[in-house]
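In what follows, a single structure is set out as structure tokens and then discussed.
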Amino acid sequence: MRVMGLIIVWLPLLLGCEAASVADAVQQPPWVRTAEIEPATAREYVLSGTVRARTESPLSFQVPGRIVARLVEANQRVDRGQALLRLDSRDLQQTVTAAEAELAAAQAALATVEADLARHRALQQRNFISAQALARTELQWREAQARRDAAQARLAEASNALDYAVLSSPAEGVLLEVTGEPGQVVAAGQPVAVLAHGTAREVEVFLPGQWTPPAQGQALLADGSTLALRLREVAGAVEPQARTRRARYSVTDGALALVPGTVVRARFEAAAQSPAEAAADQAVFSVPIGALDERGGGARLWQVREGRVSATPVQVLAADDRSAQVSGRLAAGDRVVALGVHLLREDMAVRELPR
């Protein structure tokens with residue numbers, strides 16, 4: 001009985017201690033991995049770019065129908081005018097036959113009216129019929145001519161539609177993809193293939209919205225070689241979601257080494273500060289890519305001071321898969337959270353993992 005009494009007395013105390021230790025563990029600040037901000041020593045930007053053809057055309061039929069033949073495959077080089085896909089043309093052929101019959105009837109009617117007009121003109125010269133009767137015949141002749149012309153136009157339209165049953169390549173190039181399959185019913189204008197015209201290639205990159213696109217750059221290939229890039233086109237507006245501007249760089253030499261759709265690294269050198277940097281008159285720093293937090297109205301970093309975090313707005317000047325170059329109210333040596341920034345909140349207590 002004494003033992004049972006001791007157990008009853010000590011059991012609540014033990015449970016209370018265990019609950020207190022669990023609560024203490026829950027209330028402990030989370031561990032975070034931090035990194036020190038480093039000055040960007042080189043004025044060099046490396047971005048990811050996508051290889052594109054100079055001209056890429058989605059190809060589609062001009063008439064609806066069911067595909068009966070696919071004559072090409074993706075990644076196949078084609079010539080101008082080469083047949084790519086073919087539709088079932090039976091209904092289109094019937095339309096041509098009906099238009100031909102309509103034209104024949106209109107031509108026969110016109111011939112009859114022309115004969116009547118010639119006869120009525122001869123009769124009117126002898127005053128056997130009135131001028132009003134002759135005018136009525138001439139009106140019938142003009143009406144028959146209009147019907148003949150309309151029938152000819154309908155026949156030409158039907159013949160063109162029959163020709164449209166075969167989708168031909170508009171230029172020499174390479175088929176990037178072919179989605180049309182035999183048995184598929186397609187609408188007029190529905191893309192069934194994509195053609196890359198010629199051999200000209202470009203690298204498409206998305207630059208920070210506040211950065212002036214450099215006039216030249218280099219494409220870094222997987223084998224270590226480089227290709228010269230020259231700016232050809234810049235989007236006229238910044239994308240509202242990503243806050244980036246699209247730019248296309250022409251490949252001056254070695255375009256055949258680039259396969260459309262592949263991702264390459266594009267390197268650019270800035271000889272002077274960008275307009276955003278010059279306006280802010282701030283230095284440029286390099287931070288890990290995982291340190292950027294873009295949950296709010298702009299990019300920010302979470303600085304760690306005396307065991308608590310605070311958000312610092314920054315401008316992203318360039319970024320790749322490993323690091324980003326930013327400017328803001330920062331100083332070399334400041335510690336920022338490098339991972340898990342989406343879980344942080346202002347003035348949150350944290351514990352730094354040893355580096």
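Chain identifiers are assigned as A, B, and so on, following the order in which chains appear in the structure tokens; residues are numbered from 1 within each chain, and ligands are numbered from 1 in order of appearance.
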
Exercise. Could you tell me, as a PyMOL selection string, which residues of stretch 218-328 of chain A DSSP assigns to strand (DSSP E or B) when given the backbone?
Key: chain A and resi 218-220+226-234+244-251+263-269+284-288+293+300-305+308-319+323-328

Quiz item: So which residues touch A:Arg201 within 7 Å, counting only C-alpha atoms, skipping near sequence neighbours fewer than 5 positions away, as a PyMOL selection string?
Solution: chain A and resi 51-54+250-251+255

Exercise. Would you please give, as a VMD selection string, all residues of stretch 58-242 of chain A that DSSP assigns to helix (DSSP H, G or I) based on the backbone?
Key: chain A and resid 90 to 125 131 to 163

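Note that the spacing between atom CA of A:Glu346 and atom CA of A:Trp302 amounts to 8.6 Å.
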
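You can rank A:Ser48, A:Ala150, A:Tyr164, A:Leu123 by their closest distance to A:Ser89 using only C-alpha atoms, and at the top of that list sits A:Tyr164.
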
Self-check item: Shell of 12 Å around A:Ala331, only C-alpha atoms, local chain residues under 4 positions omitted, as a list in words
Solution: Glu36, Ile37, Glu38, Pro39, Ala40, Gln282, Ala283, Val284, Phe285, Ser286, Val287, Gln303, Thr312, Val326, Ser327, Arg335 and Val336 of chain A

Quiz item: Using only C-alpha atoms, which residues sit within 10 Å of A:Glu102 once same-chain residues fewer than 5 positions away are excluded, as a ChimeraX atom specification?
Solution: /A:96-97,107-108,147-148,150-152,154-155

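Nearest-residue note for A:Ala158: choosing from A:Gln93, A:Thr199, A:Thr50, A:Gln241, the minimum distance belongs to A:Gln93, counting only C-alpha atoms.
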
Practice problem: Could you check how far atom CA of A:Leu110 sits from atom CA of A:Ser130, in Å to one decimal? | Solution: 22.3 Å

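When atom CA of A:Glu56 is paired with atom CA of A:Arg230, their separation reads 19.2 Å.
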
Exercise. Show which residues sit within 12 Å of A:Val166, as number ranges by chain. Count only C-alpha atoms, and ignore same-chain residues fewer than 3 positions away.
Key: A: 59-71, 81-89, 92, 160-163, 169

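Shortest separation to A:Ser57 among A:Val205, A:Leu195, A:Ala165, A:Val304 occurs at residue A:Leu195, atoms counted being only C-alpha atoms.
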
Exercise. With a distance cut-off of 9 Å and only C-alpha atoms, select the neighbouring residues of stretch 213-224 of chain A, excluding the residue or stretch itself and same-chain residues fewer than 3 positions from it, and output the selection as a ChimeraX atom specification.
Key: /A:49,203,207-208,227-232,234,245,247,249,251,258,264-270
